[in-house]
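Student: Below: one structure in C-alpha cells.
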Amino acid sequence: MPLELTSVADDEAVFHQDGAVLRYPGLRPDTDYEMHDVAFRTLPRPPGSRLATLATVNDVHFGEVEAGMIEGLDLGPAVRVDEGEEAYPEVMNAAAIAEIAAVDPDLVVAKGDLTADGRDDEYWRFLETYQAAFGRRLLFVRGNHDAYHGQRFADASVQSVSLRGVIVALLDTVRPGHSGGQIQDQQLEWLDALAAEADRPVLLFGHHHIWNPASASRPEYYFGLRPDDSERLIEVVARRPAVIGYFAGHTHRNRVRRFSATGDVPWVEVACVKDFPGTWAEYRVFEGGVLQVHRRISTPAALRWSERCRSMIGGLYPQYAFGRLEDRCLPVWPRRAS
C-alpha cells in the first residue's frame with residue numbers, strides 16, 4: 001500500500017500507509033504544508049461560526065457477496081471474502097457508522113444503493129444498522145440497486161431538512177428497472193420553489209450523477225441522470241443561487257465537475273462505502289460556507305478489505321475511484337443572487 005494523503009480539512013490532514021493511519025490535527029486553515037514528502041494546502045475555513053455538521057454515505061450494498069462486477073460486465077478480477085470471514089458490507093458499514101457517530105453529526109444522509117439486490121432482508125439490515133445508530137437524524141433514499149425489480153421501499157420523491165446554516169434537499173433519482181436515473185417534473189418544480197424561498201444555502205443530494213451538457217455526443221442511454229433531465233436540473237440550479245452544490249453517489253468514485261451555466265457550483269460524486277477506498281463524507285457548515293471532507297473508513301478490518309479491492313478492474317480501480325485531492329476535499333461557497 002503506497003503512502004496516500006487521503007483527507008485534508010481546515011484543521012487536519014490524514015495519511016494512510018500499510019494499514020497505518022497517520023493523523024495530523026491542529027493545523028492552520030488555508031496554509032501550505034509538506035509532510036512525508038507530500039505538499040498540500042489545508043482547506044480555507046469559511047467565515048463565521050460553525051453551525052452544523054452532517055455526514056453522508058452511499059452505495060452501502062447490504063447483502064452483496066462479490067465486489068468488482070459492474071452492471072454484469074466481467075472486467076475482473078472480482079473479490080470475495082474468504083470462507084468464515086464476515087460479509088464485507090457488514091464490516092464496512094459498521095466501521096463507517098462508528099466513525100460517523102464519533103463526530104456526532106446533526107444529520108446523516110444515505111443517498112442510495114442501500115441494498116445489493118433490493119431484497120427485503122437487505123433493506124431491513126440497512127435499517128437495523130443505520131436507524132439504530134442515528135434514529136431521527138437519518139435521512140435516506142433508494143438507488144438503482146434498490147429498484148431493479150419493482151420494489152418501492154425508500155422511494156420518497158423529495159425530502160428536505162433544515163439545519164442551522166443550511167437546508168438539505170434529497171431527491172429520488174431512480175428510474176425503476178434501470179441503472180440510469182431520472183428526475184421528474186414535479187421534483188424540479190419542488191426544488192425550484194424550495195430554492196426560491198430558502199433563507200439559507202441549499203445542499204442538494206441524490207443517487208445519480210448528471211450528464212455533462214457540454215459533451216459532444218448525446219447518448220440515448222446514460223448511466224447517470226438522463227441528458228434531458230440533467231439539463232433541466234442544471235437550469236434550475238443556474239437560476240436559483242440558494243443551491244450551492246449537488247452531491248451524488250452511484251459511480252463509486254470521487255469526482256467534481258463544474259459547468260458554465262452554474263459557474264463555481266460543484267457537481268460532486270462521492271465514492272462508495274463498500275469497497276476501495278471505503279468512503280463517507282463529512283460536511284462542516286459555517287456561516288460563510290461549507291467544507292466537504294473525505295473520510296476513508298479506517299478500522300483495521302475495513303482497511304484490510306478495501307485494500308484487497310485495489311485489484312479490481314485489472315488493478316485500475318484505485319486510479320478511477322480515489323480521485324484527486326480536490327475531488328475529495330473542497331470548500332463549497334455561497335452564491336450571490338443575480
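Convention: chains lettered A, B, ... in C-alpha cells order; per-chain residue numbering from 1; ligands numbered from 1 as shown.
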So which residues of range 46-267 of chain A fall under strand (DSSP E) by DSSP, listed as a ChimeraX atom specification?

Tutor: /A:50-57,107-111,138-141,158-163,166-171,202-206,243-248,255-257,267

Student: Atoms to include: N, CA and C atoms. Write the selected residues as a compact mmCIF listing (two decimals), in the first residue's frame.

Tutor:
```txt
# COMPACT_ATOMS: atom_id res chain seq x y z
N ARG A 50 -19.09 27.96 13.21
CA ARG A 50 -19.52 26.67 12.70
C ARG A 50 -20.91 26.37 13.25
N LEU A 51 -21.84 26.03 12.36
CA LEU A 51 -23.24 25.93 12.73
C LEU A 51 -23.77 24.50 12.80
N ALA A 52 -23.26 23.63 11.94
CA ALA A 52 -23.81 22.27 11.86
C ALA A 52 -22.79 21.34 11.24
N THR A 53 -23.04 20.05 11.42
CA THR A 53 -22.23 19.00 10.81
C THR A 53 -23.18 17.94 10.26
N LEU A 54 -22.94 17.52 9.02
CA LEU A 54 -23.67 16.37 8.51
C LEU A 54 -22.69 15.40 7.89
N ALA A 55 -23.16 14.17 7.72
CA ALA A 55 -22.35 13.11 7.13
C ALA A 55 -23.18 12.40 6.07
N THR A 56 -22.51 11.89 5.05
CA THR A 56 -23.21 11.13 4.02
C THR A 56 -22.51 9.81 3.75
N VAL A 57 -23.31 8.83 3.35
CA VAL A 57 -22.83 7.56 2.83
C VAL A 57 -23.61 7.26 1.55
N LEU A 107 -27.11 15.42 11.13
CA LEU A 107 -27.89 14.68 10.14
C LEU A 107 -26.96 13.72 9.43
N VAL A 108 -27.48 12.53 9.09
CA VAL A 108 -26.76 11.55 8.27
C VAL A 108 -27.63 11.24 7.06
N VAL A 109 -27.07 11.39 5.87
CA VAL A 109 -27.80 11.18 4.62
C VAL A 109 -27.23 9.95 3.92
N ALA A 110 -28.10 8.96 3.65
CA ALA A 110 -27.72 7.79 2.87
C ALA A 110 -28.35 7.94 1.49
N LYS A 111 -27.52 8.18 0.48
CA LYS A 111 -28.04 8.54 -0.83
C LYS A 111 -27.97 7.39 -1.83
N LEU A 138 -31.36 10.27 10.69
CA LEU A 138 -31.09 9.58 9.43
C LEU A 138 -32.10 9.98 8.36
N LEU A 139 -31.59 10.36 7.20
CA LEU A 139 -32.39 10.68 6.02
C LEU A 139 -31.88 9.79 4.90
N PHE A 140 -32.77 9.09 4.17
CA PHE A 140 -32.28 8.15 3.18
C PHE A 140 -33.23 8.04 1.99
N VAL A 141 -32.67 7.58 0.89
CA VAL A 141 -33.45 7.38 -0.33
C VAL A 141 -32.84 6.20 -1.08
N VAL A 158 -39.23 13.48 -2.83
CA VAL A 158 -38.45 14.64 -2.39
C VAL A 158 -38.46 14.68 -0.87
N GLN A 159 -37.38 15.17 -0.29
CA GLN A 159 -37.28 15.33 1.16
C GLN A 159 -36.40 16.54 1.44
N SER A 160 -36.66 17.20 2.56
CA SER A 160 -35.79 18.29 2.97
C SER A 160 -35.74 18.37 4.49
N VAL A 161 -34.60 18.81 4.98
CA VAL A 161 -34.38 19.03 6.41
C VAL A 161 -33.64 20.35 6.57
N SER A 162 -34.12 21.19 7.46
CA SER A 162 -33.45 22.46 7.74
C SER A 162 -32.56 22.30 8.96
N LEU A 163 -31.29 22.64 8.79
CA LEU A 163 -30.33 22.68 9.87
C LEU A 163 -29.87 24.12 10.07
N VAL A 166 -28.03 25.73 6.85
CA VAL A 166 -28.15 25.05 5.57
C VAL A 166 -29.47 24.28 5.51
N ILE A 167 -30.00 24.13 4.31
CA ILE A 167 -31.12 23.25 4.03
C ILE A 167 -30.59 22.07 3.24
N VAL A 168 -30.91 20.86 3.68
CA VAL A 168 -30.52 19.64 2.98
C VAL A 168 -31.73 19.16 2.18
N ALA A 169 -31.56 19.04 0.88
CA ALA A 169 -32.63 18.57 -0.02
C ALA A 169 -32.19 17.25 -0.64
N LEU A 170 -33.10 16.28 -0.70
CA LEU A 170 -32.77 14.95 -1.19
C LEU A 170 -33.81 14.52 -2.22
N LEU A 171 -33.33 14.11 -3.40
CA LEU A 171 -34.20 13.68 -4.50
C LEU A 171 -34.08 12.18 -4.74
N VAL A 202 -28.73 25.85 0.13
CA VAL A 202 -29.30 24.53 -0.06
C VAL A 202 -28.21 23.59 -0.58
N LEU A 203 -28.02 22.46 0.12
CA LEU A 203 -27.19 21.37 -0.37
C LEU A 203 -28.11 20.31 -0.94
N LEU A 204 -27.92 19.97 -2.20
CA LEU A 204 -28.81 19.05 -2.91
C LEU A 204 -28.13 17.70 -3.07
N PHE A 205 -28.84 16.63 -2.70
CA PHE A 205 -28.30 15.28 -2.75
C PHE A 205 -29.22 14.38 -3.58
N GLY A 206 -28.61 13.40 -4.26
CA GLY A 206 -29.34 12.37 -4.98
C GLY A 206 -28.40 11.23 -5.29
N VAL A 243 -29.03 27.22 -4.20
CA VAL A 243 -28.46 25.88 -4.33
C VAL A 243 -26.96 26.02 -4.58
N ILE A 244 -26.14 25.50 -3.68
CA ILE A 244 -24.70 25.73 -3.78
C ILE A 244 -23.91 24.48 -4.18
N GLY A 245 -24.59 23.33 -4.31
CA GLY A 245 -23.88 22.13 -4.74
C GLY A 245 -24.82 20.96 -4.87
N TYR A 246 -24.46 20.02 -5.75
CA TYR A 246 -25.18 18.76 -5.91
C TYR A 246 -24.21 17.62 -5.63
N PHE A 247 -24.66 16.64 -4.82
CA PHE A 247 -23.77 15.60 -4.31
C PHE A 247 -24.42 14.24 -4.55
N ALA A 248 -23.76 13.41 -5.37
CA ALA A 248 -24.29 12.13 -5.79
C ALA A 248 -23.40 10.99 -5.33
N ARG A 255 -15.29 12.52 -7.60
CA ARG A 255 -15.08 13.40 -8.75
C ARG A 255 -15.90 14.67 -8.57
N VAL A 256 -15.35 15.80 -9.02
CA VAL A 256 -16.05 17.07 -9.02
C VAL A 256 -16.00 17.65 -10.42
N ARG A 257 -17.15 18.08 -10.91
CA ARG A 257 -17.21 18.78 -12.19
C ARG A 257 -17.92 20.12 -12.00
N TRP A 267 -20.51 19.89 -8.87
CA TRP A 267 -21.36 18.73 -9.12
C TRP A 267 -20.51 17.52 -8.74
```

Student: Using DSSP on the backbone, list every residue of range 154-281 of chain A that comes out as helix (DSSP H, G or I), and give them as a ChimeraX atom specification.

Tutor: /A:185-197,227-239,260-262

Student: Within 9 Å of range 18-34 of chain A, counting only C-alpha atoms, which residues show up once you throw out same-chain ones fewer than 2 positions away? Write them as a list of chain:residue names, please.

Tutor: A:Met1, A:Pro2, A:Leu3, A:Ala9, A:Asp10, A:Asp11, A:Glu12, A:Ala13, A:Val14, A:Phe15, A:His16, A:His36, A:Asp37, A:Val38, A:Ala39, A:Phe40, A:Arg41, A:Thr42, A:Leu43, A:Pro44, A:Arg45, A:Ser298, A:Thr299, A:Pro300, A:Leu303, A:Arg304, A:Glu307

Student: Could you save those same residues with C-alpha atoms as a PDB file, in the first residue's frame?

Tutor:
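Result went into again-v8.pdb, see below:
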```pdb
ATOM      1  CA  MET A   1       0.000   0.000   0.000  1.00  0.00           C
ATOM      2  CA  PRO A   2       1.543   3.348  -1.006  1.00  0.00           C
ATOM      3  CA  LEU A   3       1.602   6.355   1.279  1.00  0.00           C
ATOM      4  CA  ALA A   9      -9.726  19.648   6.234  1.00  0.00           C
ATOM      5  CA  ASP A  10      -9.335  23.198   7.501  1.00  0.00           C
ATOM      6  CA  ASP A  11      -7.534  21.928  10.591  1.00  0.00           C
ATOM      7  CA  GLU A  12      -6.088  18.481   9.861  1.00  0.00           C
ATOM      8  CA  ALA A  13      -4.553  16.074   7.376  1.00  0.00           C
ATOM      9  CA  VAL A  14      -4.811  12.274   7.278  1.00  0.00           C
ATOM     10  CA  PHE A  15      -2.438   9.842   5.587  1.00  0.00           C
ATOM     11  CA  HIS A  16      -2.770   6.073   5.117  1.00  0.00           C
ATOM     12  CA  HIS A  36       6.118  12.719   4.269  1.00  0.00           C
ATOM     13  CA  ASP A  37       7.416  14.493   1.139  1.00  0.00           C
ATOM     14  CA  VAL A  38       3.830  15.363   0.155  1.00  0.00           C
ATOM     15  CA  ALA A  39       2.963  19.028  -0.313  1.00  0.00           C
ATOM     16  CA  PHE A  40      -0.621  20.132   0.315  1.00  0.00           C
ATOM     17  CA  ARG A  41      -2.680  23.071   1.462  1.00  0.00           C
ATOM     18  CA  THR A  42      -5.348  22.885   4.140  1.00  0.00           C
ATOM     19  CA  LEU A  43      -8.863  23.957   3.209  1.00  0.00           C
ATOM     20  CA  PRO A  44      -9.816  27.572   3.811  1.00  0.00           C
ATOM     21  CA  ARG A  45     -12.132  27.971   6.778  1.00  0.00           C
ATOM     22  CA  SER A 298     -10.105   3.221   8.896  1.00  0.00           C
ATOM     23  CA  THR A 299     -10.690   0.308  11.250  1.00  0.00           C
ATOM     24  CA  PRO A 300      -8.124  -2.455  10.643  1.00  0.00           C
ATOM     25  CA  LEU A 303      -8.717  -1.271   5.620  1.00  0.00           C
ATOM     26  CA  ARG A 304      -7.848  -4.920   5.025  1.00  0.00           C
ATOM     27  CA  GLU A 307      -7.033  -2.778   0.197  1.00  0.00           C
TER      28      GLU A 307
END
```

Student: Could you give me, as an MDAnalysis selection string, the residues within 9 Å of range 325-334 of chain A, counting only C-alpha atoms and dropping anything in the same chain fewer than 5 positions from it?

Tutor: chainID A and resid 5:9 43:46 201 241:245 254:257 264:266 268:271 281 288:295

Student: For N, CA, C and O atoms, I'd like the residues from the last selection saved as a short mmCIF file (atom, residue, chain, number, x, y, z; two decimals), in the first residue's frame.

Tutor:
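The resulting file, selection.cif, is reproduced below:
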```cif
data_model
loop_
_atom_site.label_atom_id
_atom_site.label_comp_id
_atom_site.auth_asym_id
_atom_site.auth_seq_id
_atom_site.Cartn_x
_atom_site.Cartn_y
_atom_site.Cartn_z
N LEU A 5 -2.12 10.63 0.89
CA LEU A 5 -2.81 11.70 1.60
C LEU A 5 -4.30 11.53 1.28
O LEU A 5 -4.74 11.82 0.17
N THR A 6 -5.07 11.06 2.24
CA THR A 6 -6.45 10.70 1.96
C THR A 6 -7.44 11.82 2.25
O THR A 6 -8.46 11.92 1.60
N SER A 7 -7.14 12.66 3.26
CA SER A 7 -8.08 13.71 3.65
C SER A 7 -7.33 14.96 4.08
O SER A 7 -6.29 14.88 4.73
N VAL A 8 -7.92 16.11 3.71
CA VAL A 8 -7.44 17.39 4.20
C VAL A 8 -8.67 18.21 4.59
O VAL A 8 -9.61 18.32 3.81
N ALA A 9 -8.66 18.76 5.78
CA ALA A 9 -9.73 19.65 6.23
C ALA A 9 -9.13 21.03 6.47
O ALA A 9 -8.01 21.33 6.02
N LEU A 43 -7.71 23.25 3.75
CA LEU A 43 -8.86 23.96 3.21
C LEU A 43 -9.03 25.31 3.90
O LEU A 43 -8.75 25.44 5.09
N PRO A 44 -9.50 26.30 3.16
CA PRO A 44 -9.82 27.57 3.81
C PRO A 44 -11.02 27.39 4.73
O PRO A 44 -11.95 26.64 4.40
N ARG A 45 -11.00 28.04 5.87
CA ARG A 45 -12.13 27.97 6.78
C ARG A 45 -13.12 29.08 6.42
O ARG A 45 -12.76 30.26 6.44
N PRO A 46 -14.34 28.74 6.10
CA PRO A 46 -15.32 29.78 5.78
C PRO A 46 -15.51 30.74 6.95
O PRO A 46 -15.33 30.35 8.12
N PRO A 201 -28.39 28.61 2.45
CA PRO A 201 -27.96 27.79 1.32
C PRO A 201 -28.59 26.40 1.33
O PRO A 201 -28.91 25.84 2.39
N PRO A 241 -29.71 30.71 -6.94
CA PRO A 241 -28.39 30.75 -6.29
C PRO A 241 -28.38 30.19 -4.88
O PRO A 241 -27.31 30.00 -4.31
N ALA A 242 -29.54 29.92 -4.31
CA ALA A 242 -29.54 29.29 -2.99
C ALA A 242 -28.92 27.90 -3.05
O ALA A 242 -28.35 27.43 -2.05
N VAL A 243 -29.03 27.22 -4.20
CA VAL A 243 -28.46 25.88 -4.33
C VAL A 243 -26.96 26.02 -4.58
O VAL A 243 -26.54 26.57 -5.61
N ILE A 244 -26.14 25.50 -3.68
CA ILE A 244 -24.70 25.73 -3.78
C ILE A 244 -23.91 24.48 -4.18
O ILE A 244 -22.70 24.55 -4.38
N GLY A 245 -24.59 23.33 -4.31
CA GLY A 245 -23.88 22.13 -4.74
C GLY A 245 -24.82 20.96 -4.87
O GLY A 245 -25.87 20.90 -4.22
N ASN A 254 -14.68 9.37 -6.47
CA ASN A 254 -14.66 10.77 -6.07
C ASN A 254 -14.36 11.62 -7.29
O ASN A 254 -13.31 11.45 -7.94
N ARG A 255 -15.29 12.52 -7.60
CA ARG A 255 -15.08 13.40 -8.75
C ARG A 255 -15.90 14.67 -8.57
O ARG A 255 -16.99 14.64 -8.02
N VAL A 256 -15.35 15.80 -9.02
CA VAL A 256 -16.05 17.07 -9.02
C VAL A 256 -16.00 17.65 -10.42
O VAL A 256 -14.93 17.70 -11.05
N ARG A 257 -17.15 18.08 -10.91
CA ARG A 257 -17.21 18.78 -12.19
C ARG A 257 -17.92 20.12 -12.00
O ARG A 257 -18.73 20.28 -11.07
N ASP A 264 -19.21 28.26 -10.36
CA ASP A 264 -18.39 27.54 -9.38
C ASP A 264 -19.16 26.47 -8.60
O ASP A 264 -18.58 25.84 -7.71
N VAL A 265 -20.41 26.27 -8.91
CA VAL A 265 -21.18 25.24 -8.20
C VAL A 265 -20.55 23.87 -8.47
O VAL A 265 -20.40 23.46 -9.62
N PRO A 266 -20.19 23.11 -7.43
CA PRO A 266 -19.62 21.79 -7.65
C PRO A 266 -20.71 20.74 -7.87
O PRO A 266 -21.69 20.68 -7.12
N VAL A 268 -20.80 16.96 -7.59
CA VAL A 268 -19.89 16.08 -6.87
C VAL A 268 -20.36 14.63 -6.95
O VAL A 268 -21.56 14.35 -6.88
N GLU A 269 -19.41 13.71 -7.08
CA GLU A 269 -19.64 12.29 -6.90
C GLU A 269 -18.75 11.81 -5.76
O GLU A 269 -17.57 12.19 -5.70
N VAL A 270 -19.32 11.03 -4.86
CA VAL A 270 -18.59 10.55 -3.69
C VAL A 270 -18.47 9.03 -3.77
O VAL A 270 -19.43 8.33 -4.08
N ALA A 271 -17.28 8.52 -3.49
CA ALA A 271 -17.01 7.08 -3.60
C ALA A 271 -17.84 6.28 -2.60
O ALA A 271 -18.45 6.82 -1.68
N ALA A 281 -18.47 10.89 3.83
CA ALA A 281 -18.11 12.29 3.68
C ALA A 281 -18.67 13.11 4.83
O ALA A 281 -19.82 12.92 5.23
N GLY A 288 -20.36 31.19 6.59
CA GLY A 288 -19.95 31.68 5.28
C GLY A 288 -19.59 30.61 4.28
O GLY A 288 -18.94 30.91 3.27
N GLY A 289 -20.01 29.35 4.48
CA GLY A 289 -19.69 28.31 3.51
C GLY A 289 -19.69 26.93 4.15
O GLY A 289 -19.92 26.78 5.36
N VAL A 290 -19.41 25.94 3.33
CA VAL A 290 -19.44 24.53 3.75
C VAL A 290 -18.16 23.86 3.27
O VAL A 290 -17.68 24.14 2.17
N LEU A 291 -17.61 22.96 4.08
CA LEU A 291 -16.46 22.17 3.68
C LEU A 291 -16.87 20.71 3.53
O LEU A 291 -17.52 20.14 4.42
N GLN A 292 -16.52 20.09 2.39
CA GLN A 292 -16.64 18.64 2.25
C GLN A 292 -15.29 18.02 2.57
O GLN A 292 -14.28 18.38 1.96
N VAL A 293 -15.29 17.06 3.49
CA VAL A 293 -14.07 16.38 3.90
C VAL A 293 -14.26 14.89 3.69
O VAL A 293 -15.12 14.27 4.32
N HIS A 294 -13.47 14.31 2.79
CA HIS A 294 -13.50 12.87 2.54
C HIS A 294 -12.91 12.13 3.72
O HIS A 294 -11.89 12.52 4.29
N ARG A 295 -13.57 11.03 4.11
CA ARG A 295 -13.09 10.20 5.21
C ARG A 295 -12.94 8.77 4.72
O ARG A 295 -13.92 8.14 4.30
#
```

Student: Nearest to Tyr221 in chain A: which of A:Ser179, A:Thr115, A:Thr279, A:Ser311 is it, counting only C-alpha atoms?

Tutor: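 With only C-alpha atoms as the atom set, the closest residue is A:Ser179.
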
Student: For range 82-96 of chain A, find every residue with an atom within 6 Å (counting only C-alpha atoms), except residues of its own chain fewer than 2 positions away, and show them as a PDB file with N, CA and C atoms, in the first residue's frame.

Tutor:
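Contents of the output file result18.pdb:
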```pdb
ATOM      1  N   PHE A  62     -25.875  -3.527   1.272  1.00  0.00           N
ATOM      2  CA  PHE A  62     -26.091  -4.651   2.176  1.00  0.00           C
ATOM      3  C   PHE A  62     -26.524  -5.886   1.382  1.00  0.00           C
ATOM      4  N   ALA A  98     -19.509   3.791  13.147  1.00  0.00           N
ATOM      5  CA  ALA A  98     -18.750   4.150  14.341  1.00  0.00           C
ATOM      6  C   ALA A  98     -17.997   5.462  14.149  1.00  0.00           C
ATOM      7  N   GLU A  99     -17.395   5.640  12.987  1.00  0.00           N
ATOM      8  CA  GLU A  99     -16.649   6.872  12.726  1.00  0.00           C
ATOM      9  C   GLU A  99     -17.583   8.078  12.633  1.00  0.00           C
ATOM     10  N   LYS A 274     -18.632   0.482   0.383  1.00  0.00           N
ATOM     11  CA  LYS A 274     -18.442  -0.961   0.432  1.00  0.00           C
ATOM     12  C   LYS A 274     -17.074  -1.462   0.000  1.00  0.00           C
ATOM     13  N   ILE A 297     -12.657   5.015   5.582  1.00  0.00           N
ATOM     14  CA  ILE A 297     -13.023   4.171   6.710  1.00  0.00           C
ATOM     15  C   ILE A 297     -11.782   3.420   7.168  1.00  0.00           C
ATOM     16  N   ALA A 302     -11.706  -2.898   8.105  1.00  0.00           N
ATOM     17  CA  ALA A 302     -12.160  -2.172   6.923  1.00  0.00           C
ATOM     18  C   ALA A 302     -11.007  -1.909   5.963  1.00  0.00           C
TER      19      ALA A 302
END
```

Student: Of the candidates A:Asp120, A:Ile234, A:Arg239, A:Ala147, which one gets nearest to Ala193 in chain A if we count only C-alpha atoms?

Tutor: A:Arg239

Student: Taking only C-alpha atoms into account, name the residue in A:Ser157, A:Gly48, A:Val237, A:Pro176 that is nearest to Ala337 in chain A.

Tutor: A:Val237

Student: Calculated over only C-alpha atoms, which of the candidates A:Gly181, A:Gly165, A:Gly249, A:Gly143 has the smallest distance to Asp199 in chain A?

Tutor: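 Using only C-alpha atoms, the shortest distance to Asp199 in chain A belongs to A:Gly165.
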